[in-house]
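Listing of start-v5.cif, mmCIF, C-alpha atoms (C1' of nucleotides)
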data_start
#
loop_
_atom_site.label_atom_id
_atom_site.label_comp_id
_atom_site.auth_asym_id
_atom_site.auth_seq_id
_atom_site.Cartn_x
_atom_site.Cartn_y
_atom_site.Cartn_z
CA MET A 284 139.52 131.17 92.36
CA SER A 285 139.63 127.75 93.91
CA LEU A 286 137.21 128.95 96.58
CA THR A 287 134.52 129.95 94.03
CA HIS A 288 134.70 126.64 92.28
CA LEU A 289 134.37 124.83 95.58
CA ILE A 290 131.26 126.81 96.49
CA ALA A 291 129.80 126.01 93.12
CA ALA A 292 130.58 122.32 93.57
CA GLY A 293 128.93 122.46 97.00
CA ASP A 294 125.81 124.00 95.48
CA ILE A 295 125.63 121.28 92.87
CA LEU A 296 126.03 118.67 95.55
CA ASN A 297 123.18 120.25 97.51
CA ALA A 298 120.97 120.31 94.45
CA LEU A 299 121.81 116.66 93.81
CA ARG A 300 120.46 115.79 97.24
CA TRP A 301 116.94 116.83 96.37
CA VAL A 302 116.74 115.84 92.74
CA ALA A 303 114.25 113.07 92.00
CA CYS A 304 114.62 112.61 88.26
CA PRO A 305 117.39 110.14 87.27
CA SER A 306 118.50 112.00 84.15
CA SER A 307 118.80 115.32 86.02
CA ALA A 308 120.73 113.52 88.72
CA LEU A 309 123.16 112.05 86.19
CA HIS A 310 123.49 115.45 84.54
CA LEU A 311 124.28 117.20 87.82
CA TYR A 312 126.64 114.39 88.70
CA SER A 313 128.71 114.78 85.53
CA LEU A 314 128.69 118.56 85.99
CA LEU A 315 130.08 118.09 89.47
CA ARG A 316 132.72 115.62 88.27
CA LEU A 317 133.94 118.18 85.74
CA ARG A 318 134.41 120.77 88.46
CA LEU A 319 136.28 118.52 90.82
CA ARG A 320 140.06 118.87 90.92
CA PRO A 321 142.40 116.19 92.25
CA SER A 322 143.04 118.46 95.23
CA ASP A 323 139.36 118.43 96.22
CA SER A 324 138.24 116.33 99.08
CA PHE A 325 137.46 112.76 98.12
CA CYS A 326 134.38 113.19 100.26
CA PHE A 327 132.77 115.29 97.53
CA ALA A 328 133.06 112.50 95.03
CA TRP A 329 131.54 109.72 97.11
CA ARG A 330 128.75 111.86 98.46
CA ALA A 331 127.82 112.85 94.92
CA ALA A 332 127.76 109.17 93.94
CA VAL A 333 125.55 108.26 96.89
CA PHE A 334 123.08 111.06 96.18
CA THR A 335 122.91 110.06 92.51
CA LEU A 336 122.08 106.45 93.36
CA LYS A 337 118.83 107.31 95.12
CA PRO A 338 116.92 108.64 92.09
CA LEU A 339 118.45 105.90 89.96
CA SER A 340 117.00 103.12 92.06
CA ALA A 341 113.70 104.96 92.42
CA ALA A 342 113.45 104.97 88.62
CA ALA A 343 113.64 101.17 88.76
CA SER A 344 115.88 100.97 85.73
CA LEU A 345 118.43 98.21 85.94
CA PRO A 346 120.31 99.30 82.77
CA LEU A 347 120.71 102.82 84.16
CA LEU A 348 121.98 101.41 87.42
CA SER A 349 124.51 99.07 85.84
CA HIS A 350 125.71 101.90 83.62
CA PHE A 351 126.45 103.97 86.72
CA HIS A 352 127.92 100.89 88.39
CA GLY A 353 130.47 100.74 85.54
CA HIS A 354 131.48 104.33 86.18
CA LEU A 355 131.85 103.70 89.93
CA LEU A 356 134.12 100.74 89.21
CA ARG A 357 136.32 102.65 86.75
CA SER A 358 136.69 105.66 89.04
CA ASN A 359 137.50 103.41 92.00
CA LEU A 360 134.66 105.00 93.99
CA LEU A 361 133.22 101.58 94.68
CA ALA A 362 136.09 100.92 97.05
CA HIS A 363 134.43 103.40 99.40
CA PRO A 364 132.07 101.63 101.84
CA HIS A 365 129.46 104.42 101.62
CA VAL A 366 129.28 103.98 97.85
CA ALA A 367 129.35 100.18 98.01
CA SER A 368 126.50 100.01 100.53
CA SER A 369 124.40 102.51 98.56
CA LEU A 370 124.92 100.68 95.30
CA LEU A 371 124.15 97.36 96.94
CA HIS A 372 121.00 98.86 98.42
CA SER A 373 119.89 100.18 95.04
CA TYR A 374 120.48 96.83 93.38
CA SER A 375 118.70 94.92 96.12
CA LEU A 376 115.53 96.91 95.50
CA LEU A 377 115.56 96.11 91.78
CA SER A 378 117.18 92.70 91.52
CA PRO A 379 118.15 90.62 94.56
CA ALA A 380 120.19 88.32 92.30
CA ALA A 381 122.24 91.24 90.96
CA ALA A 382 122.73 92.44 94.52
CA HIS A 383 124.06 89.05 95.53
CA GLN A 384 126.43 89.06 92.57
CA LEU A 385 127.75 92.50 93.49
CA PHE A 386 128.13 91.49 97.13
CA ASP A 387 130.41 88.59 96.16
CA GLN A 388 132.71 91.05 94.38
CA ILE A 389 133.08 93.53 97.21
CA PRO A 390 136.61 93.27 98.67
CA PRO A 391 136.95 92.55 102.41
CA ALA A 392 138.42 95.98 103.09
CA THR A 393 135.23 97.63 101.83
CA CYS A 394 132.81 95.18 103.35
CA ASN A 395 131.97 96.87 106.65
CA LEU A 396 128.91 96.41 108.82
CA TYR A 397 126.84 98.84 106.75
CA VAL A 398 127.45 96.77 103.64
CA LEU A 399 126.69 93.55 105.51
CA ASN A 400 123.46 94.96 106.89
CA VAL A 401 122.27 95.96 103.43
CA MET A 402 122.99 92.43 102.26
CA LEU A 403 121.11 91.02 105.24
CA ALA A 404 118.09 93.21 104.43
CA SER A 405 118.23 92.06 100.83
CA LEU A 406 118.25 88.40 101.90
CA CYS A 407 115.41 89.05 104.32
CA ARG A 408 113.26 90.45 101.52
CA SER A 409 114.08 87.89 98.87
CA SER A 410 115.46 84.63 100.21
CA GLU A 411 114.53 81.74 102.38
CA LEU A 412 114.28 82.84 105.95
CA ASP A 413 116.85 80.25 107.01
CA SER A 414 119.55 81.56 104.69
CA ALA A 415 118.94 85.09 105.98
CA ARG A 416 119.28 83.76 109.50
CA ALA A 417 122.48 81.91 108.61
CA PHE A 418 123.91 85.14 107.20
CA PHE A 419 122.87 86.95 110.38
CA ASP A 420 124.49 84.30 112.58
CA ASP A 421 127.74 84.54 110.59
CA LEU A 422 128.05 88.32 110.98
CA PRO A 423 131.30 89.11 112.81
CA ASP A 424 129.54 91.97 114.59
CA LYS A 425 125.92 92.84 114.95
CA ASP A 426 124.58 96.28 115.72
CA VAL A 427 121.05 97.50 116.36
CA VAL A 428 120.35 97.61 112.62
CA SER A 429 121.35 93.97 112.11
CA TRP A 430 119.09 92.88 114.94
CA SER A 431 116.07 94.89 113.88
CA THR A 432 116.42 93.79 110.27
CA MET A 433 116.37 90.16 111.35
CA LEU A 434 113.48 90.81 113.75
CA ALA A 435 111.39 92.51 111.09
CA CYS A 436 112.10 89.57 108.81
CA TYR A 437 110.65 87.06 111.28
CA PHE A 438 107.61 89.16 112.06
CA SER A 439 106.81 90.07 108.50
CA ARG A 440 106.77 86.38 107.62
CA GLY A 441 104.50 85.49 110.48
CA ARG A 442 107.14 83.75 112.59
CA LEU A 443 106.04 85.36 115.84
CA ALA A 444 107.61 82.90 118.25
CA ASP A 445 111.01 83.11 116.54
CA GLY A 446 110.76 86.89 116.42
CA LEU A 447 109.98 87.16 120.10
CA ALA A 448 112.78 84.72 120.93
CA LEU A 449 115.18 86.92 118.97
CA PHE A 450 113.87 89.99 120.80
CA ARG A 451 114.59 88.25 124.08
CA SER A 452 118.12 87.50 122.88
CA VAL A 453 118.83 91.09 121.96
CA THR A 454 117.52 92.43 125.25
CA PHE A 455 119.01 89.79 127.57
CA THR A 456 122.22 88.66 125.90
CA THR A 457 123.60 91.83 124.29
CA ASP A 458 124.40 95.39 125.30
CA ILE A 459 122.48 96.75 122.35
CA ALA A 460 120.03 99.45 123.35
CA VAL A 461 116.63 99.07 121.79
CA ASP A 462 116.01 102.21 119.76
CA TYR A 463 112.87 103.74 118.29
CA PHE A 464 113.54 102.23 114.92
CA MET A 465 113.49 98.79 116.46
CA LEU A 466 110.39 99.51 118.50
CA ALA A 467 108.54 100.74 115.44
CA THR A 468 109.62 97.60 113.59
CA LEU A 469 108.32 95.43 116.39
CA LEU A 470 105.13 97.35 116.76
CA THR A 471 104.29 97.30 113.06
CA ALA A 472 105.07 93.62 112.77
CA CYS A 473 102.97 92.75 115.80
CA THR A 474 100.10 94.97 114.68
CA SER A 475 99.83 93.19 111.36
CA ALA A 476 100.16 89.82 113.06
CA GLY A 477 97.23 90.63 115.32
CA LEU A 478 99.34 90.61 118.47
CA LEU A 479 97.76 93.78 119.61
CA SER A 480 96.86 95.33 122.86
CA PRO A 481 99.30 93.95 125.45
CA PHE A 482 102.27 94.43 123.20
CA CYS A 483 101.23 97.90 122.27
CA ARG A 484 100.93 98.88 125.93
CA ALA A 485 104.39 97.45 126.61
CA VAL A 486 105.98 99.47 123.83
CA HIS A 487 104.01 102.54 124.82
CA GLY A 488 105.27 102.22 128.38
CA TYR A 489 108.81 102.01 127.07
CA VAL A 490 108.23 105.15 125.01
CA VAL A 491 106.69 107.13 127.86
CA ARG A 492 109.49 106.19 130.25
CA GLY A 493 111.96 107.38 127.62
CA GLY A 494 110.20 110.74 127.60
CA LEU A 495 108.85 110.57 124.08
CA PRO A 496 107.34 110.66 121.42
CA ALA A 497 110.45 111.75 119.58
CA SER A 498 109.97 109.68 116.47
CA MET A 499 107.31 110.37 113.89
CA HIS A 500 107.26 106.79 112.68
CA LEU A 501 106.87 105.34 116.13
CA GLY A 502 103.98 107.69 116.87
CA THR A 503 102.15 106.48 113.77
CA ALA A 504 102.83 102.84 114.62
CA LEU A 505 101.51 103.34 118.17
CA ILE A 506 98.33 105.07 116.99
CA ASP A 507 97.74 102.35 114.43
CA CYS A 508 98.39 99.55 116.90
CA TYR A 509 96.02 100.96 119.55
CA ALA A 510 93.37 101.68 116.92
CA LYS A 511 93.55 98.16 115.51
CA ALA A 512 93.34 96.79 119.04
CA GLY A 513 90.12 98.74 119.48
CA CYS A 514 91.66 101.07 122.08
CA LEU A 515 90.62 104.26 120.35
CA ASP A 516 90.90 106.33 123.50
CA TYR A 517 94.54 105.33 123.85
CA ALA A 518 95.11 106.02 120.17
CA THR A 519 93.60 109.47 120.68
CA ARG A 520 95.82 110.07 123.69
CA VAL A 521 98.98 109.23 121.75
CA PHE A 522 97.73 111.28 118.80
CA ALA A 523 97.17 114.32 121.04
CA ARG A 524 100.73 114.10 122.35
CA VAL A 525 102.49 113.99 118.98
CA PRO A 526 104.04 117.45 118.59
CA ASN A 527 104.05 117.96 114.83
CA ARG A 528 101.39 115.70 113.47
CA ASN A 529 101.91 114.79 109.86
CA VAL A 530 99.66 113.16 107.29
CA MET A 531 100.55 109.68 108.60
CA HIS A 532 99.35 110.44 112.14
CA TRP A 533 96.10 111.98 110.93
CA THR A 534 95.51 109.15 108.47
CA ALA A 535 96.17 106.41 111.02
CA MET A 536 93.72 108.12 113.41
CA ILE A 537 91.03 108.58 110.73
CA CYS A 538 91.44 104.96 109.58
CA GLY A 539 91.07 103.82 113.17
CA MET A 540 87.86 105.77 113.68
CA ALA A 541 86.43 104.67 110.33
CA SER A 542 87.23 101.00 110.86
CA HIS A 543 85.39 101.05 114.19
CA LEU A 544 82.41 102.81 112.64
CA ARG A 545 83.01 106.00 114.59
CA ASN A 546 82.22 107.71 111.35
CA ASN A 547 81.39 111.19 112.55
CA GLU A 548 84.63 111.39 114.45
CA ALA A 549 86.49 110.26 111.35
CA VAL A 550 84.84 113.02 109.33
CA GLN A 551 85.54 115.60 112.06
CA LEU A 552 89.20 114.61 112.20
CA PHE A 553 89.46 114.87 108.45
CA GLU A 554 87.97 118.35 108.41
CA GLU A 555 90.23 119.46 111.24
CA MET A 556 93.23 118.10 109.38
CA CYS A 557 92.35 120.15 106.30
CA GLN A 558 91.83 123.25 108.42
CA ARG A 559 95.30 122.80 109.86
CA ARG A 560 96.71 122.67 106.34
CA VAL A 561 97.98 119.12 106.57
CA GLN A 562 97.68 117.67 103.06
CA PRO A 563 95.62 114.47 102.98
CA ASN A 564 96.83 111.71 100.67
CA GLU A 565 94.98 108.98 98.78
CA ILE A 566 94.82 106.73 101.82
CA THR A 567 93.32 109.49 103.95
CA PHE A 568 90.59 109.86 101.35
CA THR A 569 89.96 106.11 101.22
CA ALA A 570 89.38 106.20 104.98
CA VAL A 571 87.18 109.28 105.14
CA LEU A 572 85.11 108.20 102.14
CA SER A 573 84.49 104.80 103.70
CA ALA A 574 83.35 106.60 106.87
CA CYS A 575 80.87 108.50 104.70
CA VAL A 576 79.66 105.21 103.19
CA ASN A 577 79.19 103.62 106.60
CA ALA A 578 77.27 106.60 107.94
CA GLY A 579 75.32 107.22 104.73
CA LEU A 580 76.69 110.77 104.48
CA VAL A 581 76.02 111.20 100.78
CA GLU A 582 76.59 114.95 100.53
CA LYS A 583 79.75 114.87 102.63
CA GLY A 584 81.10 112.06 100.47
CA ARG A 585 80.30 113.93 97.30
CA GLU A 586 82.01 117.03 98.71
CA PHE A 587 85.14 115.13 99.79
CA PHE A 588 85.52 113.35 96.48
CA LYS A 589 85.34 116.68 94.66
CA LEU A 590 87.84 118.15 97.13
CA MET A 591 90.23 115.29 96.46
CA VAL A 592 90.14 115.71 92.70
CA ASP A 593 89.85 119.50 92.36
CA ASP A 594 91.77 120.87 95.33
CA TYR A 595 94.30 118.16 96.13
CA CYS A 596 94.75 116.94 92.55
CA ILE A 597 94.66 113.29 93.59
CA GLU A 598 93.74 110.88 90.82
CA PRO A 599 90.98 108.62 92.21
CA ASN A 600 91.95 104.94 92.49
CA ILE A 601 89.69 101.89 92.44
CA HIS A 602 89.01 102.15 96.20
CA HIS A 603 87.85 105.74 95.90
CA TYR A 604 85.52 104.87 93.03
CA GLY A 605 84.33 101.84 94.96
CA CYS A 606 83.41 104.05 97.93
CA MET A 607 81.48 106.46 95.71
CA VAL A 608 79.54 103.70 93.97
CA ASP A 609 78.73 102.15 97.34
CA LEU A 610 77.77 105.52 98.82
CA TYR A 611 75.25 106.29 96.07
CA ALA A 612 74.06 102.70 95.68
CA LYS A 613 73.21 102.28 99.36
CA ALA A 614 71.27 105.55 99.26
CA GLY A 615 69.28 104.34 96.27
CA LEU A 616 70.86 106.92 93.96
CA LEU A 617 71.47 104.32 91.27
CA GLU A 618 71.89 106.79 88.42
CA ASP A 619 74.67 108.55 90.33
CA ALA A 620 76.29 105.21 91.17
CA TYR A 621 76.23 104.09 87.56
CA GLU A 622 77.53 107.48 86.44
CA VAL A 623 80.60 106.96 88.66
CA ILE A 624 81.23 103.60 87.01
CA LYS A 625 80.97 105.17 83.57
CA THR A 626 83.50 107.89 84.40
CA MET A 627 86.06 105.52 85.94
CA LYS A 628 89.38 105.38 84.20
CA MET A 629 89.87 101.69 84.96
CA GLU A 630 87.78 98.52 84.71
CA PRO A 631 85.34 98.12 87.62
CA ASN A 632 86.11 95.15 89.87
CA VAL A 633 83.79 92.58 91.36
CA ILE A 634 83.23 94.64 94.52
CA ILE A 635 81.95 97.59 92.52
CA TRP A 636 79.59 95.55 90.32
CA THR A 637 78.27 93.68 93.35
CA SER A 638 77.62 96.93 95.15
CA LEU A 639 75.69 98.39 92.20
CA LEU A 640 73.72 95.26 91.37
CA ALA A 641 72.81 94.49 94.98
CA ALA A 642 71.34 97.98 95.20
CA CYS A 643 69.50 97.45 91.90
CA LYS A 644 67.94 94.34 93.41
CA LYS A 645 67.05 96.08 96.65
CA PHE A 646 65.55 99.14 94.98
CA LYS A 647 64.08 97.08 92.11
CA ASN A 648 65.77 99.13 89.40
CA LEU A 649 66.01 96.71 86.48
CA GLU A 650 66.87 99.37 83.93
CA ILE A 651 70.31 100.06 85.35
CA ALA A 652 70.67 96.43 86.39
CA VAL A 653 70.41 95.19 82.81
CA GLU A 654 73.04 97.64 81.57
CA GLY A 655 75.38 96.77 84.44
CA MET A 656 74.89 93.02 84.19
CA GLU A 657 75.94 92.86 80.56
CA LYS A 658 79.26 94.45 81.48
CA ALA A 659 79.70 92.62 84.78
CA LEU A 660 79.41 89.28 82.99
CA ALA A 661 82.74 90.06 81.34
CA LEU A 662 84.41 89.18 84.66
CA GLU A 663 85.43 85.55 84.60
CA ILE A 664 83.56 83.02 86.68
CA SER A 665 85.45 82.08 89.81
CA ASP A 666 84.71 81.37 93.43
CA GLU A 667 85.47 84.99 94.19
CA ASN A 668 82.87 86.19 91.71
CA ALA A 669 80.27 83.59 92.62
CA GLY A 670 78.25 86.08 94.68
CA LEU A 671 78.08 88.44 91.73
CA TYR A 672 76.86 85.68 89.42
CA MET A 673 74.16 84.68 91.90
CA LEU A 674 73.06 88.29 92.05
CA ILE A 675 72.86 88.48 88.27
CA SER A 676 70.81 85.29 88.18
CA ASP A 677 68.43 86.76 90.79
CA LEU A 678 68.07 89.96 88.79
CA TYR A 679 67.24 88.04 85.61
CA ALA A 680 64.62 86.14 87.55
CA MET A 681 63.21 89.39 88.91
CA GLY A 682 62.83 90.67 85.38
CA GLY A 683 61.08 87.47 84.36
CA ARG A 684 63.99 86.32 82.20
CA TRP A 685 63.93 82.79 83.56
CA ASP A 686 66.02 81.32 80.76
CA ASP A 687 68.83 83.77 81.35
CA ALA A 688 68.64 83.13 85.08
CA MET A 689 68.87 79.37 84.51
CA ASN A 690 71.78 79.86 82.12
CA ILE A 691 73.76 81.67 84.76
CA ARG A 692 73.10 78.86 87.25
CA ARG A 693 74.10 76.28 84.68
CA LEU A 694 77.30 78.22 83.92
CA MET A 695 78.15 78.25 87.62
CA GLU A 696 77.58 74.52 87.87
CA GLU A 697 79.70 73.87 84.82
CA HIS A 698 82.55 75.84 86.33
CA ASN A 699 81.89 74.26 89.68
CA VAL A 700 81.75 77.57 91.57
CA TRP A 701 79.66 78.18 94.64
CA LYS A 702 79.03 81.23 96.70
CA ASN A 703 81.08 81.52 99.90
CA ARG A 704 83.52 78.82 98.98
CA GLY A 705 86.17 81.54 98.81
CA LEU A 706 85.89 81.89 102.56
CA SER A 707 87.86 78.68 103.07
CA SER A 708 90.97 80.67 102.21
CA ILE A 709 90.75 82.73 105.40
CA LYS A 710 94.15 82.85 107.01
CA VAL A 711 94.52 80.96 110.26
CA ASP A 712 97.87 81.36 111.92
CA GLY A 713 97.48 80.18 115.43
CA PRO A 714 95.78 81.65 118.50
CA GLN A 715 97.66 84.96 118.30
CA GLY A 716 96.38 85.51 114.80
CA LEU A 717 92.80 85.77 115.97
CA SER A 718 92.42 89.50 116.22
CA SER A 719 88.90 89.24 117.59
CA ALA A 720 90.31 87.54 120.66
CA ALA A 721 93.00 90.17 121.05
CA VAL A 722 90.48 93.01 120.83
CA SER A 723 88.80 92.07 124.08
"C1'" DA B 155 123.62 116.54 109.90
"C1'" DT B 156 126.03 113.13 106.02
"C1'" DA B 157 125.32 104.87 104.36
"C1'" DG B 158 122.09 100.47 106.40
"C1'" DG B 159 116.74 98.70 109.55
"C1'" DG B 160 110.77 101.59 110.65
"C1'" DT B 161 104.94 104.69 109.50
"C1'" DT B 162 98.85 105.20 107.02
"C1'" DA B 163 93.94 101.33 103.20
"C1'" DG B 164 92.41 97.11 100.62
#

As structure tokens, please, write out the structure in this file.
Amino acid sequence: MSLTHLIAAGDILNALRWVACPSSALHLYSLLRLRLRPSDSFCFAWRAAVFTLKPLSAAASLPLLSHFHGHLLRSNLLAHPHVASSLLHSYSLLSPAAAHQLFDQIPPATCNLYVLNVMLASLCRSSELDSARAFFDDLPDKDVVSWSTMLACYFSRGRLADGLALFRSVTFTTDIAVDYFMLATLLTACTSAGLLSPFCRAVHGYVVRGGLPASMHLGTALIDCYAKAGCLDYATRVFARVPNRNVMHWTAMICGMASHLRNNEAVQLFEEMCQRRVQPNEITFTAVLSACVNAGLVEKGREFFKLMVDDYCIEPNIHHYGCMVDLYAKAGLLEDAYEVIKTMKMEPNVIIWTSLLAACKKFKNLEIAVEGMEKALALEISDENAGLYMLISDLYAMGGRWDDAMNIRRLMEEHNVWKNRGLSSIKVDGPQGLSSAAVS
DNA sequence: ATAGGGTTAG
């Protein structure tokens, strides 16, 4: 009797693990609560609470979360550190202020290192870097998670020197073993900061000596880092050694090939990925479509776009549409390009209009140009759109509509916008930020 | 195995 109800409770708990919808999760949770007897292990109750919190925070509903918070308080489950850290984590993703408020109410007996690390991560995402660092310095104990959270914080905010100094501290002044989580953190941070090739090789050496690649995330980070550094042969080598390549590995590799204009290899990789039944995602398609654009592979691009929509049921986003417009426009297929714009489910952006109208100018197709221009003029005048406005002025002039052309120029002068002035916003963050230097 | 830090584009 008691055994059957325990099995049933276990099944519900298992189901709760994989549920994604918040209302189903809450439903299963209350079902489970009804089955639990006082004699049941307390472990059941807190695990159920933790599993329920995941879909709740994914649903991004603060009212739902605070409702469940009330229940956790009343049932005294919040005294359990697992529950407290999970709830704090959920809050921190939705409202850092609410997370801070909750943190202040957690009693010392519950506030273990897990809870403190969640709070540190929350501060790293939302607060001044210095207050996160002060919190880190005040931690009574620090484990590998505390250190890598703080490291990622420095790197993600572009504080390379501080990040590297902290990395030196953890390696030289503590007994903490650098794990693959931390390496992936470092690698990702350094990749986006443009600190590429030497660092990547160092981490790779560390990984090889450790007899890896054991971690899927680290494999992706290594491939991406080598690819961004221009070391595509190294990226390929790492890629070949990953045992169970997932969509991330394939996508990182395809992006790498596409961004270095090795378009045919990008297309080949994509086709091989599909043959091996690895499901491409929207980013994979962005990469392979841009390879098609760069190589002028119109038919391949058309085929892949259709594959994405019909076979993989991926709703095209603005990048996908942008690739298709560019693909057709560059090939002089202006009707096809304009057709894509007409079927888009969102407003075309400046990139898309520029692509179409530049091709209209090049191929001297004023018919489509006139239709497009009328709509493109709805975009507000700004430095970013200056190039588009110049193009429209040129097209008017080409069609002999000098007054309209002059009007556009006058409008630009009135709004004081000039082509290329947007370039002054290019980010300059010191010598390490210059990726072109790091590529060599 | 079981809570907290990491992965792909623009």

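CA of Ser475 in chain A lies 26.0 Å from CA of Tyr604 in chain A.
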
What residues have an atom no more than 6 Å from (130.1, 105.8, 99.1) in the file's own frame, counting only C-alpha atoms (C1' of nucleotides), and can you write them as a list in words? Trp329, Val333, His363, Pro364, His365, Val366 and Ala367 of chain A

Could the residues in this selection be saved with C-alpha atoms as a PDB file, in the frame of the given file?
ATOM      1  CA  TRP A 329     131.540 109.720  97.110  1.00  0.00           C
ATOM      2  CA  VAL A 333     125.550 108.260  96.890  1.00  0.00           C
ATOM      3  CA  HIS A 363     134.430 103.400  99.400  1.00  0.00           C
ATOM      4  CA  PRO A 364     132.070 101.630 101.840  1.00  0.00           C
ATOM      5  CA  HIS A 365     129.460 104.420 101.620  1.00  0.00           C
ATOM      6  CA  VAL A 366     129.280 103.980  97.850  1.00  0.00           C
ATOM      7  CA  ALA A 367     129.350 100.180  98.010  1.00  0.00           C
TER       8      ALA A 367
END

Any chance you could work out the residue set of the PyMOL selection byres ((chain B) within 7 of (chain A)) here, as an MDAnalysis selection string? chainID B and resid 157:163

Selection in question (the file shown): the PyMOL selection byres ((chain A and resi 591-600) around 12). Which residues does it include, as JSON, numbers by chain? {"A": [557, 560, 561, 562, 563, 564, 565, 566, 567, 568, 569, 571, 572, 584, 585, 586, 587, 588, 589, 590, 601, 602, 603, 604, 605, 606, 607, 623, 626, 627, 628, 629, 630, 631, 632], "B": [163, 164]}

For CA of Leu515 in chain A and CA of Met540 in chain A, the interatomic separation in Å (one decimal): 7.4 Å

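Note that the spacing between CA of Leu422 in chain A and CA of Cys394 in chain A amounts to 11.3 Å.
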
Val700 in chain A: which residues within 9 Å, counting all atoms listed in the file, same-chain residues fewer than 5 positions away excluded, as a CSV table (one decimal) with C-alpha atoms, in the frame of the given file?
chain,number,residue,atom,x,y,z
A,664,ILE,CA,83.6,83.0,86.7
A,665,SER,CA,85.4,82.1,89.8
A,666,ASP,CA,84.7,81.4,93.4
A,667,GLU,CA,85.5,85.0,94.2
A,668,ASN,CA,82.9,86.2,91.7
A,669,ALA,CA,80.3,83.6,92.6
A,694,LEU,CA,77.3,78.2,83.9
A,695,MET,CA,78.2,78.2,87.6

Residues selected by the PyMOL selection byres ((chain A and resi 526) around 12), written as JSON, numbers by chain: {"A": [495, 496, 497, 498, 499, 502, 521, 522, 523, 524, 525, 527, 528, 529, 532]}

Contacts of Gly670 in chain A at 12 Å or less, counting only C-alpha atoms (C1' of nucleotides), minus same-chain residues fewer than 4 places along, as a list in words? Val633, Ile634, Trp636, Thr637, Ser638, Leu640, Ala641, Ala659, Ile664, Ser665, Asp666, Leu674, Ile675, Ser676, Asp677, Ile691, Arg692, Met695, Val700, Trp701, Lys702, Asn703, Arg704, Gly705 and Leu706 of chain A

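Residues in contact with Asp458 in chain A at up to 10 Å, not including ones fewer than 4 positions away on its chain and judged by all atoms listed in the file, are Asp426, Val427, Val453 and Thr454 of chain A.
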
So for chain B, what box centre and size do we get, axis-aligned, 5 Å extra on each of the six sides, every listed atom, Å to one decimal, as lines of an AutoDock Vina configuration file?
center_x = 109.2
center_y = 106.8
center_z = 105.6
size_x = 43.6
size_y = 29.4
size_z = 20.0

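Using only C-alpha atoms (C1' of nucleotides), the contacts of Gly446 in chain A at a cut-off of 9 Å, with sequence neighbours closer than 2 positions omitted, comprise Met433, Leu434, Ala435, Cys436, Tyr437, Phe438, Gly441, Arg442, Leu443, Ala444, Ala448, Leu449, Phe450, Arg451 and Leu469 of chain A.
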